[in-house]
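Enquirer: My structure file start-v7.cif, mmCIF, C-alpha atoms, is below:
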```
data_upload
loop_
_atom_site.label_atom_id
_atom_site.label_comp_id
_atom_site.auth_asym_id
_atom_site.auth_seq_id
_atom_site.Cartn_x
_atom_site.Cartn_y
_atom_site.Cartn_z
CA MET A 26 0.00 0.00 0.00
CA GLY A 27 3.01 2.28 -0.39
CA ASP A 28 1.41 3.88 -3.45
CA LEU A 29 -1.55 5.02 -1.41
CA LYS A 30 0.68 6.75 1.12
CA LYS A 31 2.75 8.60 -1.47
CA LYS A 32 -0.20 10.38 -3.07
CA LYS A 33 -2.30 12.90 -1.23
CA LYS A 34 -5.46 11.97 -3.09
CA LEU A 35 -6.34 9.09 -5.37
CA THR A 36 -8.04 9.77 -8.67
CA GLY A 37 -11.29 8.05 -9.53
CA LYS A 38 -9.41 5.68 -11.86
CA GLU A 39 -6.92 4.80 -9.14
CA ILE A 40 -9.75 4.08 -6.68
CA ASP A 41 -11.30 1.72 -9.24
CA GLN A 42 -7.94 -0.03 -9.63
CA VAL A 43 -7.60 -0.50 -5.87
CA LEU A 44 -11.17 -1.79 -5.67
CA GLU A 45 -10.42 -4.28 -8.42
CA LYS A 46 -7.33 -5.44 -6.55
CA ILE A 47 -9.31 -5.96 -3.34
CA ARG A 48 -12.01 -7.89 -5.17
CA ASP A 49 -9.37 -10.03 -6.87
CA LEU A 50 -7.88 -10.80 -3.46
CA TYR A 51 -11.29 -11.85 -2.13
CA ASP A 52 -11.81 -14.05 -5.21
CA TYR A 53 -8.41 -15.64 -4.62
CA TYR A 54 -9.28 -16.14 -0.93
CA MET A 55 -12.56 -17.88 -1.79
CA VAL A 56 -11.06 -20.14 -4.44
CA ARG A 57 -7.78 -20.97 -2.73
CA PHE A 58 -9.27 -21.78 0.67
CA ILE A 59 -12.80 -22.85 -0.35
CA LYS A 60 -14.63 -20.04 1.44
CA SER A 61 -18.16 -18.78 0.92
CA ARG A 62 -18.96 -15.45 -0.76
CA ARG A 63 -20.03 -13.96 2.57
CA THR A 64 -16.65 -12.33 3.19
CA ARG A 65 -16.68 -10.69 -0.26
CA GLU A 66 -20.27 -9.55 0.21
CA ALA A 67 -19.39 -8.10 3.63
CA PHE A 68 -16.64 -6.02 2.01
CA GLU A 69 -19.05 -4.71 -0.63
CA GLU A 70 -21.48 -3.69 2.10
CA ARG A 71 -18.71 -1.88 3.99
CA TYR A 72 -17.73 -0.11 0.77
CA ARG A 73 -21.31 1.03 0.14
CA GLU A 74 -21.51 2.28 3.71
CA ALA A 75 -18.22 4.16 3.25
CA LEU A 76 -19.68 5.90 0.21
CA ARG A 77 -22.88 6.79 2.05
CA THR A 78 -21.05 8.24 5.04
CA ARG A 79 -18.36 9.89 2.87
CA ILE A 80 -15.45 8.68 4.96
CA ASP A 81 -11.84 8.92 3.74
CA LEU A 82 -11.78 6.36 0.92
CA GLU A 83 -8.01 6.16 0.77
CA ARG A 84 -7.76 5.18 4.41
CA PHE A 85 -10.73 2.82 4.07
CA LEU A 86 -9.22 1.02 1.06
CA SER A 87 -5.80 0.85 2.70
CA LEU A 88 -7.29 -0.87 5.75
CA GLU A 89 -9.36 -3.20 3.57
CA ILE A 90 -6.32 -4.40 1.60
CA LYS A 91 -4.43 -4.96 4.84
CA THR A 92 -7.37 -6.94 6.22
CA ILE A 93 -7.75 -9.31 3.28
CA GLU A 94 -4.00 -9.80 2.98
CA GLN A 95 -3.89 -10.78 6.67
CA MET A 96 -6.80 -13.18 6.15
CA ILE A 97 -4.98 -14.83 3.24
CA ALA A 98 -1.75 -15.05 5.26
CA ARG A 99 -3.55 -16.73 8.18
CA GLU A 100 -5.23 -19.28 5.93
CA GLU A 101 -1.95 -19.96 4.13
CA ASP A 102 -0.27 -20.65 7.48
CA ARG A 103 -3.06 -23.07 8.36
CA TYR A 104 -2.78 -24.72 4.96
CA GLN A 105 0.98 -25.19 5.29
CA ALA A 106 0.58 -26.57 8.82
CA GLU A 107 -2.03 -29.04 7.59
CA LEU A 108 0.16 -30.03 4.65
CA LYS A 109 3.05 -30.63 7.03
CA ARG A 110 0.82 -32.75 9.27
CA MET A 111 -0.45 -34.77 6.31
CA THR A 112 3.09 -35.13 5.01
CA VAL A 113 4.38 -36.60 8.25
CA SER A 114 1.42 -38.98 8.34
CA ALA A 115 1.81 -39.94 4.69
CA ARG A 116 5.42 -40.93 5.11
CA GLY A 117 4.31 -43.96 7.09
CA ASP A 118 6.32 -46.49 9.00
CA ASP A 119 8.26 -47.66 5.96
CA ASP A 120 9.72 -44.24 5.31
CA ALA A 121 10.48 -43.79 8.98
CA GLN A 122 12.52 -47.00 8.97
CA ALA A 123 14.13 -46.64 5.58
CA GLY A 124 14.90 -42.94 5.96
CA GLU A 125 14.59 -40.34 3.23
CA ARG A 126 14.21 -41.89 -0.21
CA ASP A 127 16.32 -40.42 -2.96
CA ASP A 128 13.59 -40.36 -5.62
CA GLY A 129 13.65 -36.64 -6.40
CA LYS A 130 10.20 -36.08 -4.89
CA ASP A 131 9.51 -33.80 -1.96
CA PHE A 132 7.05 -34.54 0.84
CA ALA A 133 4.22 -32.67 -0.90
CA ASP A 134 4.60 -34.87 -3.99
CA ARG A 135 4.39 -37.96 -1.81
CA VAL A 136 1.29 -36.65 -0.07
CA ILE A 137 -0.43 -36.20 -3.43
CA GLU A 138 0.63 -39.71 -4.48
CA ARG A 139 -0.76 -41.15 -1.26
CA LEU A 140 -4.04 -39.30 -1.72
CA LYS A 141 -4.30 -40.58 -5.28
CA GLU A 142 -3.78 -44.13 -4.04
CA GLN A 143 -6.61 -43.62 -1.52
CA VAL A 144 -9.15 -42.55 -4.15
CA GLU A 145 -8.19 -44.82 -7.05
CA LYS A 146 -10.53 -47.48 -5.67
CA TYR A 147 -13.47 -45.24 -6.61
CA PRO A 148 -14.77 -45.14 -10.20
CA VAL A 149 -14.43 -42.03 -12.36
CA ALA A 150 -17.24 -39.81 -13.61
CA GLY A 151 -15.80 -39.39 -17.10
CA LEU A 152 -13.91 -36.10 -17.12
CA GLU A 153 -10.95 -37.87 -18.74
CA CYS A 154 -8.39 -35.34 -17.50
CA SER A 155 -5.61 -36.29 -15.08
CA GLU A 156 -5.40 -32.71 -13.81
CA VAL A 157 -8.82 -32.98 -12.16
CA TRP A 158 -8.43 -36.55 -10.90
CA GLU A 159 -9.87 -35.76 -7.46
CA VAL A 160 -13.15 -34.42 -8.85
CA ASP A 161 -13.37 -37.26 -11.36
CA HIS A 162 -13.12 -39.93 -8.64
CA LEU A 163 -15.25 -38.01 -6.13
CA PHE A 164 -18.17 -37.75 -8.53
CA GLY A 165 -17.58 -41.34 -9.61
CA ALA A 166 -18.05 -42.26 -5.95
CA LEU A 167 -21.33 -40.31 -5.93
CA GLN A 168 -22.44 -42.17 -9.05
CA LYS A 169 -21.79 -45.44 -7.24
CA ILE A 170 -24.04 -44.24 -4.42
CA GLU A 171 -26.74 -43.40 -6.96
CA ALA A 172 -26.44 -46.74 -8.78
CA GLU A 173 -25.79 -49.23 -5.97
CA TYR A 174 -26.66 -47.76 -2.58
CA TRP A 175 -29.49 -45.31 -3.16
CA PRO A 176 -31.99 -47.83 -4.64
CA LYS A 177 -31.82 -49.88 -1.43
CA ILE A 178 -32.15 -46.80 0.79
CA ASP A 179 -34.99 -45.54 -1.39
CA ARG A 180 -36.93 -48.77 -0.92
CA ILE A 181 -36.56 -48.52 2.84
CA TYR A 182 -37.64 -44.88 2.82
CA ARG A 183 -40.76 -45.82 0.88
CA LYS A 184 -41.72 -48.32 3.58
CA ILE A 185 -41.59 -45.67 6.29
CA TYR A 186 -42.56 -42.57 4.31
CA ALA A 187 -45.37 -43.78 2.07
CA SER A 188 -45.94 -40.45 0.36
CA ARG A 189 -43.32 -39.34 -2.14
CA PHE A 190 -43.34 -35.86 -0.61
CA ASP A 191 -42.89 -36.94 3.00
CA GLY A 192 -39.58 -37.09 4.82
CA PRO A 193 -36.12 -36.23 3.50
CA ARG A 194 -36.18 -38.80 0.70
CA ILE A 195 -37.26 -36.54 -2.13
CA VAL A 196 -34.75 -33.84 -1.15
CA LEU A 197 -31.87 -36.33 -1.02
CA GLU A 198 -32.92 -37.96 -4.28
CA ASN A 199 -33.05 -34.65 -6.17
CA LYS A 200 -29.65 -33.57 -4.87
CA LEU A 201 -28.09 -36.93 -5.66
CA LEU A 202 -29.47 -37.03 -9.20
CA THR A 203 -28.17 -33.53 -9.85
CA LEU A 204 -24.69 -34.53 -8.69
CA ALA A 205 -24.50 -38.05 -10.08
CA GLU A 206 -26.80 -38.59 -13.07
CA ALA A 207 -24.82 -38.49 -16.31
CA ARG A 208 -26.23 -36.02 -18.80
CA MET A 209 -24.97 -34.38 -21.98
CA GLY A 210 -21.26 -34.99 -22.41
CA GLY A 211 -21.41 -38.15 -20.33
CA VAL A 212 -20.94 -36.37 -16.98
CA PRO A 213 -23.34 -34.93 -14.37
CA SER A 214 -24.68 -31.48 -15.26
CA VAL A 215 -22.77 -29.83 -12.40
CA LEU A 216 -19.51 -30.89 -14.10
CA HIS A 217 -20.32 -29.51 -17.56
CA THR A 218 -18.48 -26.23 -16.99
CA LEU A 219 -15.39 -28.02 -15.68
CA GLN A 220 -15.52 -30.43 -18.60
CA LEU A 221 -15.57 -27.51 -21.04
CA LEU A 222 -12.71 -25.72 -19.25
CA VAL A 223 -10.34 -28.72 -19.30
CA GLY A 224 -11.16 -29.25 -22.96
CA ARG A 225 -10.06 -25.75 -23.99
CA PHE A 226 -6.56 -24.78 -24.99
CA PRO A 227 -4.89 -22.77 -23.72
CA ARG A 228 -6.45 -23.63 -20.38
CA ASN A 229 -7.55 -21.01 -17.90
CA TYR A 230 -6.22 -22.61 -14.73
CA ARG A 231 -7.74 -20.03 -12.44
CA GLU A 232 -11.21 -20.85 -13.73
CA ILE A 233 -10.45 -24.57 -13.55
CA GLU A 234 -9.31 -24.26 -9.94
CA TRP A 235 -12.49 -22.36 -9.09
CA GLU A 236 -14.73 -25.00 -10.68
CA VAL A 237 -12.79 -27.83 -9.05
CA LYS A 238 -13.28 -26.37 -5.59
CA GLN A 239 -16.92 -25.49 -6.18
CA SER A 240 -17.54 -29.05 -7.38
CA ILE A 241 -15.83 -30.49 -4.31
CA LEU A 242 -17.90 -28.23 -2.08
CA ARG A 243 -21.17 -29.34 -3.68
CA ALA A 244 -20.24 -33.00 -3.31
CA SER A 245 -19.05 -32.57 0.26
CA PHE A 246 -22.17 -30.69 1.35
CA PHE A 247 -24.33 -33.49 -0.03
CA LEU A 248 -22.24 -36.24 1.58
CA HIS A 249 -22.40 -34.64 5.02
CA ASN A 250 -26.13 -34.05 4.65
CA PHE A 251 -26.66 -37.65 3.49
CA LYS A 252 -24.57 -38.92 6.39
CA GLU A 253 -26.66 -36.97 8.91
CA GLU A 254 -29.90 -38.31 7.45
CA LEU A 255 -28.56 -41.87 7.43
CA GLU A 256 -27.57 -41.57 11.07
CA LYS A 257 -31.09 -40.41 11.96
CA PHE A 258 -32.57 -43.11 9.74
CA ARG A 259 -30.49 -45.81 11.41
CA ASP A 260 -32.03 -44.96 14.79
CA ASP A 261 -35.62 -44.95 13.52
CA SER A 262 -37.75 -47.27 15.67
CA TYR A 263 -39.64 -48.52 12.60
CA LEU A 264 -36.49 -49.86 10.97
CA ALA A 265 -36.15 -53.65 10.71
CA GLU A 266 -32.75 -55.13 11.51
CA LYS A 267 -32.08 -56.17 7.90
CA ASP A 268 -32.88 -52.63 6.78
CA ARG A 269 -30.68 -51.21 9.52
CA ALA A 270 -27.83 -53.30 8.14
CA VAL A 271 -28.35 -51.72 4.70
CA VAL A 272 -28.29 -48.25 6.23
CA ASN A 273 -25.09 -49.08 8.13
CA GLU A 274 -23.46 -50.40 4.96
CA THR A 275 -24.34 -47.21 3.09
CA LEU A 276 -23.17 -45.07 5.99
CA GLU A 277 -19.83 -46.88 6.02
CA TYR A 278 -19.35 -46.16 2.32
CA VAL A 279 -20.23 -42.47 2.75
CA ASP A 280 -17.89 -42.19 5.74
CA GLY A 281 -15.14 -43.75 3.64
CA ILE A 282 -15.57 -41.16 0.89
CA ILE A 283 -15.46 -38.30 3.39
CA GLU A 284 -12.30 -39.72 4.95
CA ASP A 285 -10.48 -40.60 1.72
CA PHE A 286 -11.17 -37.24 0.06
CA ARG A 287 -10.39 -35.24 3.25
CA LEU A 288 -13.86 -33.68 3.43
CA LYS A 289 -14.40 -33.79 7.20
CA ASP A 290 -14.38 -30.04 7.65
CA LEU A 291 -16.23 -29.10 4.44
CA LYS A 292 -19.70 -28.90 5.92
CA GLN A 293 -22.42 -26.47 4.97
CA LYS A 294 -22.93 -23.93 7.72
CA ASN A 295 -26.47 -23.16 8.75
#
```
What is this structure when it is put down as structure tokens?
Expert:
Amino acid sequence: MGDLKKKKKLTGKEIDQVLEKIRDLYDYYMVRFIKSRRTREAFEERYREALRTRIDLERFLSLEIKTIEQMIAREEDRYQAELKRMTVSARGDDDAQAGERDDGKDFADRVIERLKEQVEKYPVAGLECSEVWEVDHLFGALQKIEAEYWPKIDRIYRKIYASRFDGPRIVLENKLLTLAEARMGGVPSVLHTLQLLVGRFPRNYREIEWEVKQSILRASFFLHNFKEELEKFRDDSYLAEKDRAVVNETLEYVDGIIEDFRLKDLKQKN
């Protein structure tokens, strides 16, 4: 913010440039750390209030840049700490005994390799691009829920909730079909934009990263919601033991996806 301090008064064009920089920083913050738009919207509201009350815009913008830069720095520190924790865990007992392997790969590379090994057991959704492997397998896992697990859960729901519009069944079914049912292009409709982006050359990696994280968020929100409903369902007094076993089997699969794709903390906030 040295430029702001050197000049006594910013021109209208310079204010627009600073505003654009702040908004870009908020966009980066949301994409990089998978945050909601609430923080960006809060800034816009503060900016509108600053205009209404005619406060010193230069000072306001200077403080706003400092604030978002500090937010990014804090999240980056958390990210690096988590990466370090995952790295130590991913090394495993073999690495601890054998010592550092001279394979030219750093810890972060090994973490990614370990994560890939964890999710390879899940099918792919059909994106056919190695650069978005996590999304491809995550939505493949959702498609397996839709094809193999949901029909059994649906039948049990119909026993307890006779009307199609009663209970959480219809809500879960609609969300699952949106996320898992293959449409035009051979992938679920929510992946169409990502499919188009990875098919373009040159690729816009910022847009790809945004779509990847939004896709992961959508899947994670559904999985946590589905897990909560399954846990309630499992404890329903009307549930027969054989049906309870089906619910437990489905719940185990959903828990496995959440664990393997590191989605524990990606829950939708009420």
Enquirer: Can you pull out the residues contacting Ala244 (chain A)? Cut-off 12 Å, using all atoms listed in the file, and skip same-chain residues under 4 positions away; I want them as a VMD selection string.
Expert: chain A and resid 159 to 168 170 200 to 205 213 215 to 216 237 to 240 248 to 251 279 282 to 283 286 288 291 to 293
Enquirer: Please produce a file of the residues just selected, as a short mmCIF file (atom, residue, chain, number, x, y, z; two decimals), keeping the file's coordinate frame, where the atoms kept are C-alpha atoms.
Expert:
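Below is the file part_20.cif, written as the result:
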```
data_model
loop_
_atom_site.label_atom_id
_atom_site.label_comp_id
_atom_site.auth_asym_id
_atom_site.auth_seq_id
_atom_site.Cartn_x
_atom_site.Cartn_y
_atom_site.Cartn_z
CA GLU A 159 -9.87 -35.76 -7.46
CA VAL A 160 -13.15 -34.42 -8.85
CA ASP A 161 -13.37 -37.26 -11.36
CA HIS A 162 -13.12 -39.93 -8.64
CA LEU A 163 -15.25 -38.01 -6.13
CA PHE A 164 -18.17 -37.75 -8.53
CA GLY A 165 -17.58 -41.34 -9.61
CA ALA A 166 -18.05 -42.26 -5.95
CA LEU A 167 -21.33 -40.31 -5.93
CA GLN A 168 -22.44 -42.17 -9.05
CA ILE A 170 -24.04 -44.24 -4.42
CA LYS A 200 -29.65 -33.57 -4.87
CA LEU A 201 -28.09 -36.93 -5.66
CA LEU A 202 -29.47 -37.03 -9.20
CA THR A 203 -28.17 -33.53 -9.85
CA LEU A 204 -24.69 -34.53 -8.69
CA ALA A 205 -24.50 -38.05 -10.08
CA PRO A 213 -23.34 -34.93 -14.37
CA VAL A 215 -22.77 -29.83 -12.40
CA LEU A 216 -19.51 -30.89 -14.10
CA VAL A 237 -12.79 -27.83 -9.05
CA LYS A 238 -13.28 -26.37 -5.59
CA GLN A 239 -16.92 -25.49 -6.18
CA SER A 240 -17.54 -29.05 -7.38
CA LEU A 248 -22.24 -36.24 1.58
CA HIS A 249 -22.40 -34.64 5.02
CA ASN A 250 -26.13 -34.05 4.65
CA PHE A 251 -26.66 -37.65 3.49
CA VAL A 279 -20.23 -42.47 2.75
CA ILE A 282 -15.57 -41.16 0.89
CA ILE A 283 -15.46 -38.30 3.39
CA PHE A 286 -11.17 -37.24 0.06
CA LEU A 288 -13.86 -33.68 3.43
CA LEU A 291 -16.23 -29.10 4.44
CA LYS A 292 -19.70 -28.90 5.92
CA GLN A 293 -22.42 -26.47 4.97
#
```
Enquirer: Around (-10.8, -22.6, 0.8) in the file's frame, which residues reach within 12 Å when counting only C-alpha atoms? Return as a PDB file with C-alpha atoms, in the coordinates of the input?
Expert:
```pdb
ATOM      1  CA  TYR A  51     -11.290 -11.850  -2.130  1.00  0.00           C
ATOM      2  CA  ASP A  52     -11.810 -14.050  -5.210  1.00  0.00           C
ATOM      3  CA  TYR A  53      -8.410 -15.640  -4.620  1.00  0.00           C
ATOM      4  CA  TYR A  54      -9.280 -16.140  -0.930  1.00  0.00           C
ATOM      5  CA  MET A  55     -12.560 -17.880  -1.790  1.00  0.00           C
ATOM      6  CA  VAL A  56     -11.060 -20.140  -4.440  1.00  0.00           C
ATOM      7  CA  ARG A  57      -7.780 -20.970  -2.730  1.00  0.00           C
ATOM      8  CA  PHE A  58      -9.270 -21.780   0.670  1.00  0.00           C
ATOM      9  CA  ILE A  59     -12.800 -22.850  -0.350  1.00  0.00           C
ATOM     10  CA  LYS A  60     -14.630 -20.040   1.440  1.00  0.00           C
ATOM     11  CA  SER A  61     -18.160 -18.780   0.920  1.00  0.00           C
ATOM     12  CA  ARG A  62     -18.960 -15.450  -0.760  1.00  0.00           C
ATOM     13  CA  MET A  96      -6.800 -13.180   6.150  1.00  0.00           C
ATOM     14  CA  ILE A  97      -4.980 -14.830   3.240  1.00  0.00           C
ATOM     15  CA  ARG A  99      -3.550 -16.730   8.180  1.00  0.00           C
ATOM     16  CA  GLU A 100      -5.230 -19.280   5.930  1.00  0.00           C
ATOM     17  CA  GLU A 101      -1.950 -19.960   4.130  1.00  0.00           C
ATOM     18  CA  ARG A 103      -3.060 -23.070   8.360  1.00  0.00           C
ATOM     19  CA  TYR A 104      -2.780 -24.720   4.960  1.00  0.00           C
ATOM     20  CA  GLU A 234      -9.310 -24.260  -9.940  1.00  0.00           C
ATOM     21  CA  TRP A 235     -12.490 -22.360  -9.090  1.00  0.00           C
ATOM     22  CA  VAL A 237     -12.790 -27.830  -9.050  1.00  0.00           C
ATOM     23  CA  LYS A 238     -13.280 -26.370  -5.590  1.00  0.00           C
ATOM     24  CA  GLN A 239     -16.920 -25.490  -6.180  1.00  0.00           C
ATOM     25  CA  ILE A 241     -15.830 -30.490  -4.310  1.00  0.00           C
ATOM     26  CA  LEU A 242     -17.900 -28.230  -2.080  1.00  0.00           C
ATOM     27  CA  LEU A 288     -13.860 -33.680   3.430  1.00  0.00           C
ATOM     28  CA  ASP A 290     -14.380 -30.040   7.650  1.00  0.00           C
ATOM     29  CA  LEU A 291     -16.230 -29.100   4.440  1.00  0.00           C
TER      30      LEU A 291
END
```
Enquirer: So the first atom is CA of Ser87 (chain A) and the second is CA of Ala106 (chain A); what is the distance between them in Å, to one decimal place?
Expert: 28.8 Å
Enquirer: What would the selection look like, as an mmCIF file with C-alpha atoms, in the coordinates of the input, if the PyMOL selection byres ((chain A and resi 47) around 12) were run on the coordinates I just shared?
Expert:
```cif
data_model
loop_
_atom_site.group_PDB
_atom_site.id
_atom_site.type_symbol
_atom_site.label_atom_id
_atom_site.label_comp_id
_atom_site.auth_asym_id
_atom_site.auth_seq_id
_atom_site.Cartn_x
_atom_site.Cartn_y
_atom_site.Cartn_z
ATOM 1 C CA MET A 26 0.000 0.000 0.000
ATOM 2 C CA ILE A 40 -9.750 4.080 -6.680
ATOM 3 C CA ASP A 41 -11.300 1.720 -9.240
ATOM 4 C CA GLN A 42 -7.940 -0.030 -9.630
ATOM 5 C CA VAL A 43 -7.600 -0.500 -5.870
ATOM 6 C CA LEU A 44 -11.170 -1.790 -5.670
ATOM 7 C CA GLU A 45 -10.420 -4.280 -8.420
ATOM 8 C CA LYS A 46 -7.330 -5.440 -6.550
ATOM 9 C CA ARG A 48 -12.010 -7.890 -5.170
ATOM 10 C CA ASP A 49 -9.370 -10.030 -6.870
ATOM 11 C CA LEU A 50 -7.880 -10.800 -3.460
ATOM 12 C CA TYR A 51 -11.290 -11.850 -2.130
ATOM 13 C CA ASP A 52 -11.810 -14.050 -5.210
ATOM 14 C CA TYR A 53 -8.410 -15.640 -4.620
ATOM 15 C CA TYR A 54 -9.280 -16.140 -0.930
ATOM 16 C CA THR A 64 -16.650 -12.330 3.190
ATOM 17 C CA ARG A 65 -16.680 -10.690 -0.260
ATOM 18 C CA PHE A 68 -16.640 -6.020 2.010
ATOM 19 C CA GLU A 69 -19.050 -4.710 -0.630
ATOM 20 C CA TYR A 72 -17.730 -0.110 0.770
ATOM 21 C CA PHE A 85 -10.730 2.820 4.070
ATOM 22 C CA LEU A 86 -9.220 1.020 1.060
ATOM 23 C CA SER A 87 -5.800 0.850 2.700
ATOM 24 C CA LEU A 88 -7.290 -0.870 5.750
ATOM 25 C CA GLU A 89 -9.360 -3.200 3.570
ATOM 26 C CA ILE A 90 -6.320 -4.400 1.600
ATOM 27 C CA LYS A 91 -4.430 -4.960 4.840
ATOM 28 C CA THR A 92 -7.370 -6.940 6.220
ATOM 29 C CA ILE A 93 -7.750 -9.310 3.280
ATOM 30 C CA GLU A 94 -4.000 -9.800 2.980
ATOM 31 C CA ILE A 97 -4.980 -14.830 3.240
#
```
Enquirer: Scan for residues within 8 Å of the point (-16.7, -24.7, -15.0) in the coordinates of the file, using all atoms listed in the file, and reply as a VMD selection string.
Expert: chain A and resid 216 to 222 232 to 233 235 to 237
Enquirer: I'd like the interatomic distance between CA of Tyr147 (chain A) and CA of Gly224 (chain A), to a tenth of an Å.
Expert: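 Pair CA of Tyr147 (chain A) / CA of Gly224 (chain A) returns 23.0 Å.
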Enquirer: Fewer than 4 positions away in the same chain doesn't count, so skip those; otherwise give me all residues within 8 Å of region 268-270 of chain A, counting only C-alpha atoms, as a list in words.
Expert: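 Listed by chain and then number, they are Ile181, Arg259, Leu264 and Glu274 of chain A.
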Enquirer: Could you state the separation of CA of Arg194 (chain A) and CA of Pro148 (chain A) in Å, given to one decimal place?
Expert: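 Computing the Euclidean distance for CA of Arg194 (chain A) and CA of Pro148 (chain A) yields 24.8 Å.
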Enquirer: Considering only C-alpha atoms, state which residue in the set A:Leu152, A:Thr275, A:Phe246, A:Ala98 is at the smallest distance from Glu171 (chain A).
Expert: A:Thr275
Enquirer: Can you take region 33-86 of chain A from the block and write C-alpha atoms as a PDB file, in the first residue's frame?
Expert:
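What landed in out26.pdb:
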```
ATOM      1  CA  LYS A  33      -2.303  12.903  -1.228  1.00  0.00           C
ATOM      2  CA  LYS A  34      -5.457  11.972  -3.090  1.00  0.00           C
ATOM      3  CA  LEU A  35      -6.343   9.093  -5.367  1.00  0.00           C
ATOM      4  CA  THR A  36      -8.044   9.773  -8.672  1.00  0.00           C
ATOM      5  CA  GLY A  37     -11.290   8.052  -9.534  1.00  0.00           C
ATOM      6  CA  LYS A  38      -9.414   5.682 -11.859  1.00  0.00           C
ATOM      7  CA  GLU A  39      -6.920   4.797  -9.143  1.00  0.00           C
ATOM      8  CA  ILE A  40      -9.749   4.083  -6.681  1.00  0.00           C
ATOM      9  CA  ASP A  41     -11.305   1.721  -9.237  1.00  0.00           C
ATOM     10  CA  GLN A  42      -7.943  -0.031  -9.628  1.00  0.00           C
ATOM     11  CA  VAL A  43      -7.599  -0.501  -5.868  1.00  0.00           C
ATOM     12  CA  LEU A  44     -11.173  -1.787  -5.666  1.00  0.00           C
ATOM     13  CA  GLU A  45     -10.419  -4.283  -8.420  1.00  0.00           C
ATOM     14  CA  LYS A  46      -7.325  -5.444  -6.546  1.00  0.00           C
ATOM     15  CA  ILE A  47      -9.312  -5.963  -3.336  1.00  0.00           C
ATOM     16  CA  ARG A  48     -12.010  -7.890  -5.174  1.00  0.00           C
ATOM     17  CA  ASP A  49      -9.368 -10.030  -6.874  1.00  0.00           C
ATOM     18  CA  LEU A  50      -7.881 -10.798  -3.463  1.00  0.00           C
ATOM     19  CA  TYR A  51     -11.291 -11.852  -2.134  1.00  0.00           C
ATOM     20  CA  ASP A  52     -11.814 -14.048  -5.208  1.00  0.00           C
ATOM     21  CA  TYR A  53      -8.410 -15.644  -4.620  1.00  0.00           C
ATOM     22  CA  TYR A  54      -9.279 -16.136  -0.933  1.00  0.00           C
ATOM     23  CA  MET A  55     -12.563 -17.875  -1.792  1.00  0.00           C
ATOM     24  CA  VAL A  56     -11.055 -20.139  -4.436  1.00  0.00           C
ATOM     25  CA  ARG A  57      -7.781 -20.968  -2.732  1.00  0.00           C
ATOM     26  CA  PHE A  58      -9.272 -21.779   0.667  1.00  0.00           C
ATOM     27  CA  ILE A  59     -12.803 -22.855  -0.346  1.00  0.00           C
ATOM     28  CA  LYS A  60     -14.626 -20.042   1.436  1.00  0.00           C
ATOM     29  CA  SER A  61     -18.160 -18.781   0.919  1.00  0.00           C
ATOM     30  CA  ARG A  62     -18.957 -15.454  -0.761  1.00  0.00           C
ATOM     31  CA  ARG A  63     -20.034 -13.963   2.565  1.00  0.00           C
ATOM     32  CA  THR A  64     -16.652 -12.335   3.191  1.00  0.00           C
ATOM     33  CA  ARG A  65     -16.677 -10.693  -0.262  1.00  0.00           C
ATOM     34  CA  GLU A  66     -20.268  -9.546   0.212  1.00  0.00           C
ATOM     35  CA  ALA A  67     -19.391  -8.099   3.634  1.00  0.00           C
ATOM     36  CA  PHE A  68     -16.645  -6.025   2.007  1.00  0.00           C
ATOM     37  CA  GLU A  69     -19.055  -4.710  -0.631  1.00  0.00           C
ATOM     38  CA  GLU A  70     -21.483  -3.693   2.097  1.00  0.00           C
ATOM     39  CA  ARG A  71     -18.707  -1.878   3.985  1.00  0.00           C
ATOM     40  CA  TYR A  72     -17.734  -0.108   0.769  1.00  0.00           C
ATOM     41  CA  ARG A  73     -21.312   1.026   0.135  1.00  0.00           C
ATOM     42  CA  GLU A  74     -21.510   2.285   3.708  1.00  0.00           C
ATOM     43  CA  ALA A  75     -18.217   4.160   3.251  1.00  0.00           C
ATOM     44  CA  LEU A  76     -19.678   5.899   0.210  1.00  0.00           C
ATOM     45  CA  ARG A  77     -22.878   6.792   2.048  1.00  0.00           C
ATOM     46  CA  THR A  78     -21.046   8.241   5.037  1.00  0.00           C
ATOM     47  CA  ARG A  79     -18.361   9.895   2.872  1.00  0.00           C
ATOM     48  CA  ILE A  80     -15.447   8.683   4.958  1.00  0.00           C
ATOM     49  CA  ASP A  81     -11.842   8.917   3.739  1.00  0.00           C
ATOM     50  CA  LEU A  82     -11.782   6.355   0.920  1.00  0.00           C
ATOM     51  CA  GLU A  83      -8.006   6.157   0.768  1.00  0.00           C
ATOM     52  CA  ARG A  84      -7.755   5.184   4.414  1.00  0.00           C
ATOM     53  CA  PHE A  85     -10.730   2.816   4.069  1.00  0.00           C
ATOM     54  CA  LEU A  86      -9.217   1.018   1.060  1.00  0.00           C
TER      55      LEU A  86
END
```
